[in-house]
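Q: One structure, pasted below without further comment.
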Protein chains: 2
Amino acid sequence: MHVMIIGAAGMIGRKLMAALARQGAIGGQAIGRLTGVDIVTPDMPDFSGGGEAIAADLSADGAAERLVASRPDLIFHLAAIVSGEAESDFEKGYRINMDGTRALFEAIRREGEKRAWCPKVVFTSSIAVFGEPLPEEIDDTFVLAPLTSYGTQKAIGELLLADYSRRGFLDGIGIRLPTITVRPGKPNLAASSFFSSILREPLSGKPAILPVDESLRHWFASPRAAVGFLLHAAELDTGTLGARRTLSMPGLSATVGEAIEALRRIAGDRAADLIRREPDEAVARIVASWPKKFAAHRATELGFRAETSFDEIIHAHIEDELDGNLPA
Amino acid sequence: MHVMIIGAAGMIGRKLMAALARQGAIGGQAIGRLTGVDIVTPDMPDFSGGGEAIAADLSADGAAERLVASRPDLIFHLAAIVSGEAESDFEKGYRINMDGTRALFEAIRREGEKRAWCPKVVFTSSIAVFGEPLPEEIDDTFVLAPLTSYGTQKAIGELLLADYSRRGFLDGIGIRLPTITVRPGKPNLAASSFFSSILREPLSGKPAILPVDESLRHWFASPRAAVGFLLHAAELDTGTLGARRTLSMPGLSATVGEAIEALRRIAGDRAADLIRREPDEAVARIVASWPKKFAAHRATELGFRAETSFDEIIHAHIEDELDGNLPA
């Protein structure tokens, strides 16, 4: 089968490509062709089958049509500009996140009009589709009421995915990812950056800044769990989904204090003590409005699995990013 | 003030235009200019101030920009193609209902970039944004999960309205209308047509067909109530709305049997006996999946009012459409 990953240069995209190349099959079918797409040419993993890396902007005229002309059997659509940029650049956010997604779905519909074709499409949405006021625990029937342009664009993507699936133009499944922690790489300007850096930096012997109170609760899953969600979504029989094609993924509801305690258990006081408290009102105000917990019943019943403790999340990072090593 | 009604040739649009012309003011401000817009040139009511009728297709290049260049203070956006047509013509539905709405909002944003301007925008959405499985009573935090392309397009309109409002580009309020009954005019091909015709036709001494069981429950308001919702929305201080800019309107939850009993009370057996039972499985299946009842707490608290019995709905029709007369 032919698998295409759009957004293959991103953190999750790279890990997903590597997992697909490593396992060489999905849902019991051998992967004969693997195509990575991103706004810049993505690095391709070692892959015994045919691999191709393509640079393309979905929102550019004709780009989506050219991509789907190869009629992949399975398309992962992970491409998006992030929350902060979608907020600071209104037009770019709508162009990439909304128009780009619609252009992909439209190109699939039109390609299918030429000759029958209904690819599986796995779309990554976000818990940013939800906004205050929020219940203690967000269940599977809670209103989509985003408080950012990014969340709005993702919610629109979910609605289009459901309608294009209902019409039989594509076979879609959307997954709302928790905040992914521990992200590898460097701290960035996202308000959520500290969730990863307070673990990642100390685990590498470096200091980190905590801008919020330790009592702050949020919703987490590891990059490893995120890749697991995507692979499971790709293999899932969507006949069991009904018309509601996007699912809130399971995750871990935990406080920042619990994350630090897990770090202390695993890497010792020396690591945990590298975290410096520097309260930042602006960051605290933003993250205070974010979801704290989900009752992700549908996804759990369908077999999606996330970590159940911060110890697991930290161990996944040590194994996947640090070759199993702690700082000396 | 300058008031523009887009969708002014439709049933609700005409009644809204007439009400605005009649009262000559809204929210305590005199209406100095009244502009009616539709795909065909709408009829204008008698109006002492300046009135203008414009034929325009919002989704056509430059049309929305030309419309908003006159910078109305208040814009009612009622224009849409109906559910049945949006389902049978996929591309037209998205072009008119989604692209047209977005084009309007974008034109307002760009006009406001030239010189500060933030018009009030009243947008009509629909209970078609909800889809099965549904609770007995749909509350204000229930998930938007439409089962039609029309419902999808309306849900996307709601999301855009909220984001453009949050950004300060416009001051939006959306209202989800119940099924409007009794619609004047002729029976049409909509699956919901019988809800009106079983009352309207007998009230004019004509036979009507009932394709469903009398036990079918649904959610209703009169055209008069719909106009009242629109006027109230236009006058409402949106500061009380928060980020969730679209409200499920109040209505009457009643069975078809209750509607017929009210008809019998008001117009007698001779009228009620003009209804012929002709069960239609296809219609029954469609309407069985529609919402039956809402807990429209937010809208009710904000002062929106609908009828509380079918007697009221029928009396409104007799007064507004039949000059107060029953058939001899």
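We label chains A, B, ... in the order they appear in the structure tokens, count residues from 1 in each chain, and number ligands from 1 in the order shown.
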Please identify all polymer residues within 8 Å of stretch 245-258 of chain B, counting only C-alpha atoms, omitting same-chain residues fewer than 5 positions from it, and present them as a compact mmCIF listing (two decimals) with N, CA and C atoms, in the first residue's frame.

A:
```txt
# COMPACT_ATOMS: atom_id res chain seq x y z
N SER B 125 -28.19 30.65 12.22
CA SER B 125 -27.76 29.27 12.13
C SER B 125 -29.00 28.38 12.26
N ILE B 127 -30.76 24.43 13.92
CA ILE B 127 -30.63 23.25 14.78
C ILE B 127 -30.05 22.08 14.01
N ASP B 140 -27.01 23.89 26.18
CA ASP B 140 -26.16 24.88 25.53
C ASP B 140 -24.71 24.46 25.37
N GLU B 158 -20.83 29.45 12.38
CA GLU B 158 -20.82 29.78 13.81
C GLU B 158 -19.39 29.94 14.32
N LEU B 161 -17.89 33.12 12.93
CA LEU B 161 -18.51 34.27 13.61
C LEU B 161 -17.85 34.51 14.97
N ALA B 162 -17.63 33.43 15.71
CA ALA B 162 -17.03 33.55 17.04
C ALA B 162 -15.59 34.05 16.95
N GLY B 172 -20.42 39.83 16.48
CA GLY B 172 -21.35 38.84 15.96
C GLY B 172 -22.25 38.21 17.00
N ILE B 173 -23.42 37.86 16.56
CA ILE B 173 -24.32 37.01 17.35
C ILE B 173 -25.04 36.07 16.40
N GLY B 174 -25.03 34.79 16.73
CA GLY B 174 -25.69 33.80 15.90
C GLY B 174 -26.90 33.25 16.62
N ILE B 175 -27.94 32.94 15.86
CA ILE B 175 -29.12 32.35 16.49
C ILE B 175 -29.50 31.09 15.72
N ARG B 176 -29.67 30.01 16.51
CA ARG B 176 -30.09 28.74 15.90
C ARG B 176 -31.61 28.67 15.95
N LEU B 177 -32.19 28.76 14.76
CA LEU B 177 -33.64 28.80 14.67
C LEU B 177 -34.24 27.40 14.81
N PRO B 178 -35.35 27.29 15.54
CA PRO B 178 -36.15 26.05 15.51
C PRO B 178 -36.75 25.89 14.10
N PHE B 195 -44.82 19.95 8.31
CA PHE B 195 -45.08 20.59 9.61
C PHE B 195 -45.92 21.85 9.44
N ASP B 213 -46.09 9.71 11.91
CA ASP B 213 -46.98 9.39 13.01
C ASP B 213 -47.24 10.63 13.86
N GLU B 214 -48.43 10.67 14.48
CA GLU B 214 -48.77 11.85 15.30
C GLU B 214 -47.91 11.94 16.55
N SER B 215 -47.24 10.86 16.89
CA SER B 215 -46.40 10.88 18.11
C SER B 215 -45.06 11.58 17.88
N LEU B 216 -44.75 11.92 16.62
CA LEU B 216 -43.46 12.56 16.33
C LEU B 216 -43.35 13.90 17.05
N ARG B 217 -42.27 14.05 17.80
CA ARG B 217 -42.01 15.29 18.52
C ARG B 217 -40.93 16.10 17.80
N HIS B 218 -41.09 17.42 17.81
CA HIS B 218 -40.10 18.28 17.16
C HIS B 218 -40.09 19.64 17.86
N TRP B 219 -39.29 20.57 17.31
CA TRP B 219 -38.97 21.84 17.97
C TRP B 219 -39.38 22.99 17.07
N PHE B 220 -40.31 23.83 17.52
CA PHE B 220 -40.98 24.79 16.65
C PHE B 220 -40.94 26.23 17.17
N ALA B 221 -41.01 27.16 16.23
CA ALA B 221 -41.33 28.55 16.56
C ALA B 221 -41.99 29.15 15.33
N PHE B 229 -36.69 37.08 17.38
CA PHE B 229 -35.33 36.67 17.76
C PHE B 229 -34.30 37.58 17.09
N THR B 238 -23.74 42.34 23.26
CA THR B 238 -23.01 41.08 23.10
C THR B 238 -21.94 40.89 24.19
N LYS B 292 -35.61 17.05 19.19
CA LYS B 292 -36.99 17.07 19.68
C LYS B 292 -37.21 18.17 20.71
N LYS B 293 -36.13 18.55 21.39
CA LYS B 293 -36.31 19.51 22.47
C LYS B 293 -34.96 20.14 22.84
N PHE B 294 -35.00 21.41 23.19
CA PHE B 294 -33.79 22.10 23.65
C PHE B 294 -34.02 22.67 25.04
N ALA B 295 -32.95 22.67 25.83
CA ALA B 295 -32.95 23.45 27.08
C ALA B 295 -32.20 24.74 26.73
N ALA B 296 -32.93 25.70 26.18
CA ALA B 296 -32.30 26.92 25.64
C ALA B 296 -32.12 27.95 26.75
N ARG B 298 -29.50 29.71 27.94
CA ARG B 298 -28.78 30.97 27.72
C ARG B 298 -29.68 31.98 27.02
N ALA B 299 -30.32 31.54 25.94
CA ALA B 299 -31.15 32.47 25.16
C ALA B 299 -32.33 32.96 26.00
N THR B 300 -32.91 32.07 26.76
CA THR B 300 -34.06 32.48 27.58
C THR B 300 -33.63 33.51 28.62
N PHE B 304 -34.71 36.13 24.96
CA PHE B 304 -35.35 35.64 23.74
C PHE B 304 -36.63 34.89 24.13
N ARG B 305 -37.70 35.10 23.37
CA ARG B 305 -38.99 34.50 23.69
C ARG B 305 -39.62 33.84 22.47
N ALA B 306 -40.18 32.65 22.67
CA ALA B 306 -40.92 31.96 21.60
C ALA B 306 -42.30 31.61 22.12
N GLU B 307 -43.13 31.05 21.26
CA GLU B 307 -44.45 30.60 21.68
C GLU B 307 -44.33 29.44 22.67
N THR B 308 -45.35 29.28 23.49
CA THR B 308 -45.33 28.18 24.46
C THR B 308 -46.45 27.17 24.19
N SER B 309 -47.20 27.37 23.11
CA SER B 309 -48.22 26.38 22.74
C SER B 309 -48.48 26.48 21.23
N PHE B 310 -49.03 25.41 20.66
CA PHE B 310 -49.36 25.44 19.24
C PHE B 310 -50.53 26.38 18.98
```

Q: What's around B:Thr41 at 6 Å? Count only C-alpha atoms, leave out sequence neighbours fewer than 5 positions away in its own chain, and write the answer as a tab-separated table (two decimals) with C-alpha atoms, in the first residue's frame.

A:
```tsv
chain	number	residue	atom	x	y	z
B	53	ALA	CA	-32.60	46.78	-3.04
B	54	ILE	CA	-29.48	45.02	-4.34
B	55	ALA	CA	-29.05	41.74	-6.22
```

Q: May I have the residues within 10 Å of A:Gly50 as number ranges by chain, using only C-alpha atoms and disregarding those fewer than 6 positions away in the same chain?

A: A: 2, 31-35

Q: I want to know what sits within 12 Å of A:Pro135, based on only C-alpha atoms, with residues of the same chain fewer than 4 positions away left out; could you give that as a PyMOL selection string?

A: (chain A and resi 130-131+139+141-143+289-295) or (chain B and resi 141)

Q: Save out the residues we just selected, N, CA, C and O atoms, as a JSON list (two decimals), in the first residue's frame.

A:
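To be explicit, this is the file written out as out.json:
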```json
[["chain", "number", "residue", "atom", "x", "y", "z"],
["A", 130, "PHE", "N", -11.60, 23.17, 22.27],
["A", 130, "PHE", "CA", -12.42, 23.44, 23.45],
["A", 130, "PHE", "C", -11.97, 24.73, 24.13],
["A", 130, "PHE", "O", -10.78, 25.04, 24.13],
["A", 131, "GLY", "N", -12.93, 25.44, 24.70],
["A", 131, "GLY", "CA", -12.58, 26.68, 25.39],
["A", 131, "GLY", "C", -13.48, 26.92, 26.58],
["A", 131, "GLY", "O", -14.59, 26.38, 26.66],
["A", 139, "ASP", "N", -16.17, 15.61, 28.29],
["A", 139, "ASP", "CA", -16.57, 14.31, 27.74],
["A", 139, "ASP", "C", -16.72, 14.38, 26.22],
["A", 139, "ASP", "O", -16.42, 15.40, 25.60],
["A", 141, "THR", "N", -19.19, 14.55, 24.28],
["A", 141, "THR", "CA", -20.28, 15.32, 23.66],
["A", 141, "THR", "C", -20.21, 16.79, 24.04],
["A", 141, "THR", "O", -21.21, 17.51, 23.93],
["A", 142, "PHE", "N", -19.04, 17.26, 24.45],
["A", 142, "PHE", "CA", -18.94, 18.67, 24.85],
["A", 142, "PHE", "C", -18.75, 19.55, 23.61],
["A", 142, "PHE", "O", -18.09, 19.19, 22.64],
["A", 143, "VAL", "N", -19.35, 20.74, 23.71],
["A", 143, "VAL", "CA", -19.38, 21.68, 22.58],
["A", 143, "VAL", "C", -17.98, 22.10, 22.13],
["A", 143, "VAL", "O", -17.10, 22.35, 22.94],
["A", 289, "SER", "N", -6.54, 28.61, 31.36],
["A", 289, "SER", "CA", -7.81, 28.43, 30.65],
["A", 289, "SER", "C", -7.82, 27.12, 29.85],
["A", 289, "SER", "O", -8.81, 26.80, 29.21],
["A", 290, "TRP", "N", -6.73, 26.38, 29.87],
["A", 290, "TRP", "CA", -6.67, 25.16, 29.05],
["A", 290, "TRP", "C", -7.35, 23.98, 29.74],
["A", 290, "TRP", "O", -7.43, 23.93, 30.96],
["A", 291, "PRO", "N", -7.79, 22.99, 28.92],
["A", 291, "PRO", "CA", -8.44, 21.80, 29.49],
["A", 291, "PRO", "C", -7.53, 21.10, 30.49],
["A", 291, "PRO", "O", -6.32, 21.04, 30.31],
["A", 292, "LYS", "N", -8.14, 20.56, 31.52],
["A", 292, "LYS", "CA", -7.37, 19.90, 32.59],
["A", 292, "LYS", "C", -7.54, 18.39, 32.56],
["A", 292, "LYS", "O", -6.68, 17.66, 33.02],
["A", 293, "LYS", "N", -8.66, 17.95, 32.01],
["A", 293, "LYS", "CA", -8.93, 16.51, 32.06],
["A", 293, "LYS", "C", -10.02, 16.16, 31.04],
["A", 293, "LYS", "O", -10.95, 16.93, 30.86],
["A", 294, "PHE", "N", -9.91, 15.00, 30.46],
["A", 294, "PHE", "CA", -10.94, 14.50, 29.54],
["A", 294, "PHE", "C", -11.45, 13.15, 30.02],
["A", 294, "PHE", "O", -10.70, 12.36, 30.60],
["A", 295, "ALA", "N", -12.73, 12.91, 29.77],
["A", 295, "ALA", "CA", -13.29, 11.56, 29.90],
["A", 295, "ALA", "C", -13.32, 11.01, 28.48],
["A", 295, "ALA", "O", -14.32, 11.14, 27.78],
["B", 141, "THR", "N", -24.35, 23.29, 25.90],
["B", 141, "THR", "CA", -22.96, 22.84, 25.75],
["B", 141, "THR", "C", -22.86, 21.53, 24.98],
["B", 141, "THR", "O", -21.86, 20.82, 25.07]]
```

Q: Using only C-alpha atoms and a cut-off of 8 Å, which residues of chain B sit close to chain A? Please list them as a PyMOL selection string.

A: chain B and resi 141-145+147-149+152+155-156+159-160+163+166+243-244

Q: Could you write those residues out with C-alpha atoms, as a PDB file, in the first residue's frame?

A:
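result-v7.pdb, freshly written:
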```
ATOM      1  CA  THR B 141     -22.956  22.841  25.748  1.00  0.00           C
ATOM      2  CA  PHE B 142     -23.874  19.959  23.445  1.00  0.00           C
ATOM      3  CA  VAL B 143     -21.440  19.045  20.683  1.00  0.00           C
ATOM      4  CA  LEU B 144     -21.903  20.424  17.155  1.00  0.00           C
ATOM      5  CA  ALA B 145     -22.110  17.236  15.111  1.00  0.00           C
ATOM      6  CA  LEU B 147     -25.445  15.049   9.764  1.00  0.00           C
ATOM      7  CA  THR B 148     -25.951  17.159   6.648  1.00  0.00           C
ATOM      8  CA  SER B 149     -23.739  19.395   4.545  1.00  0.00           C
ATOM      9  CA  THR B 152     -21.828  21.466   8.561  1.00  0.00           C
ATOM     10  CA  ALA B 155     -21.576  25.082  12.158  1.00  0.00           C
ATOM     11  CA  ILE B 156     -18.558  26.462  10.281  1.00  0.00           C
ATOM     12  CA  LEU B 159     -17.136  29.055  14.391  1.00  0.00           C
ATOM     13  CA  LEU B 160     -16.034  31.835  12.039  1.00  0.00           C
ATOM     14  CA  ASP B 163     -13.424  33.906  15.923  1.00  0.00           C
ATOM     15  CA  ARG B 166     -13.121  37.507  19.371  1.00  0.00           C
ATOM     16  CA  ALA B 243     -16.899  33.817  23.495  1.00  0.00           C
ATOM     17  CA  ARG B 244     -19.814  31.557  22.576  1.00  0.00           C
TER      18      ARG B 244
END
```

Q: Can you list, as a PyMOL selection string, every protein, DNA or RNA residue that comes within 9 Å of B:Glu201 when you count only C-alpha atoms, leaving out same-chain residues fewer than 5 positions away?

A: chain B and resi 186-187+196+206-208+271+274-275

Q: Suppose we keep N, CA and C atoms; can you now write the selection as a JSON list (two decimals), in the first residue's frame?

A:
```
[["chain", "number", "residue", "atom", "x", "y", "z"],
["B", 186, "LYS", "N", -46.59, 27.90, -0.33],
["B", 186, "LYS", "CA", -47.03, 26.59, -0.80],
["B", 186, "LYS", "C", -46.19, 25.48, -0.17],
["B", 187, "PRO", "N", -46.73, 24.24, -0.17],
["B", 187, "PRO", "CA", -45.90, 23.11, 0.25],
["B", 187, "PRO", "C", -44.66, 23.05, -0.66],
["B", 196, "SER", "N", -45.63, 22.60, 8.37],
["B", 196, "SER", "CA", -46.43, 23.79, 8.10],
["B", 196, "SER", "C", -47.71, 23.46, 7.35],
["B", 206, "LYS", "N", -58.08, 23.89, 2.69],
["B", 206, "LYS", "CA", -57.52, 22.93, 1.72],
["B", 206, "LYS", "C", -57.01, 21.66, 2.42],
["B", 207, "PRO", "N", -56.98, 20.55, 1.70],
["B", 207, "PRO", "CA", -56.49, 19.30, 2.28],
["B", 207, "PRO", "C", -54.96, 19.32, 2.44],
["B", 208, "ALA", "N", -54.48, 18.48, 3.34],
["B", 208, "ALA", "CA", -53.04, 18.35, 3.54],
["B", 208, "ALA", "C", -52.71, 16.92, 3.87],
["B", 271, "ALA", "N", -61.71, 21.59, 9.77],
["B", 271, "ALA", "CA", -60.33, 21.89, 9.39],
["B", 271, "ALA", "C", -59.43, 20.68, 9.70],
["B", 274, "LEU", "N", -59.34, 17.72, 7.44],
["B", 274, "LEU", "CA", -58.76, 17.88, 6.10],
["B", 274, "LEU", "C", -57.36, 17.24, 6.00],
["B", 275, "ILE", "N", -56.84, 16.80, 7.15],
["B", 275, "ILE", "CA", -55.50, 16.17, 7.16],
["B", 275, "ILE", "C", -55.65, 14.69, 6.85]]
```

Q: How would you write, as a PyMOL selection string, the set of residues in stretch 145-261 of chain B that DSSP gives as strand (DSSP E or B)?

A: chain B and resi 171-177+179-180+208-210+217-221+246-248+252-255

Q: Leaving out A:Leu58 and any residue of its chain fewer than 3 positions from it, which residues lie within 9 Å of it when counting only C-alpha atoms, given as a list in words?

A: Ile6, Asp38, Ile39, Asp61, Gly62, Ala63, Ala64, Glu65, Leu67, Ala79, Ile96, Asp99, Gly100, Thr101, Ala103 and Leu104 of chain A

Q: Quick one: residues within 6 Å of B:Ala9, only C-alpha atoms, excluding same-chain residues fewer than 3 positions away - as a compact mmCIF listing (two decimals) with all heavy atoms, in the first residue's frame?

A:
```txt
# COMPACT_ATOMS: atom_id res chain seq x y z
N GLY B 13 -36.55 36.98 5.77
CA GLY B 13 -35.95 38.26 5.38
C GLY B 13 -37.01 39.30 5.05
O GLY B 13 -36.91 40.47 5.46
N ARG B 14 -38.04 38.89 4.32
CA ARG B 14 -39.12 39.83 3.96
C ARG B 14 -39.84 40.33 5.20
O ARG B 14 -40.14 41.52 5.34
CB ARG B 14 -40.11 39.15 3.00
CG ARG B 14 -39.67 39.24 1.54
CD ARG B 14 -40.66 38.56 0.61
NE ARG B 14 -40.57 37.10 0.76
CZ ARG B 14 -41.58 36.29 1.03
NH1 ARG B 14 -42.80 36.78 1.19
NH2 ARG B 14 -41.40 34.99 1.15
N ASP B 38 -30.23 40.27 -1.91
CA ASP B 38 -30.47 38.84 -2.12
C ASP B 38 -29.95 38.48 -3.51
O ASP B 38 -29.51 39.34 -4.26
CB ASP B 38 -31.97 38.49 -1.97
CG ASP B 38 -32.16 37.06 -1.42
OD1 ASP B 38 -31.58 36.12 -1.99
OD2 ASP B 38 -32.87 36.92 -0.41
N PRO B 42 -34.53 42.02 -4.07
CA PRO B 42 -35.67 41.82 -3.17
C PRO B 42 -36.69 42.95 -3.28
O PRO B 42 -36.33 44.08 -3.62
CB PRO B 42 -35.02 41.81 -1.77
CG PRO B 42 -33.78 42.61 -1.92
CD PRO B 42 -33.31 42.45 -3.35
```

Q: What does the structure give for the distance between atom CA of B:Arg276 and atom CA of B:Thr179, in Å to one decimal?

A: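 Answer for the atom CA of B:Arg276 to atom CA of B:Thr179 separation: 21.8 Å.
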
Q: What is the distance between atom CA of A:Pro202 and atom CA of A:Ala284, in Å to one decimal?

A: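 Those two atoms sit 21.4 Å apart.
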
Q: Which of stretch 172-311 of chain B end up as alpha helix (DSSP H) when DSSP is run on this backbone - answer as a PyMOL selection string?

A: chain B and resi 193-203+223-235+256-272+281-288+297-301+310-311

Q: What does the distance between atom CA of B:Ala282 and atom CA of B:Glu85 come to in Å, to one decimal place?

A: 17.0 Å
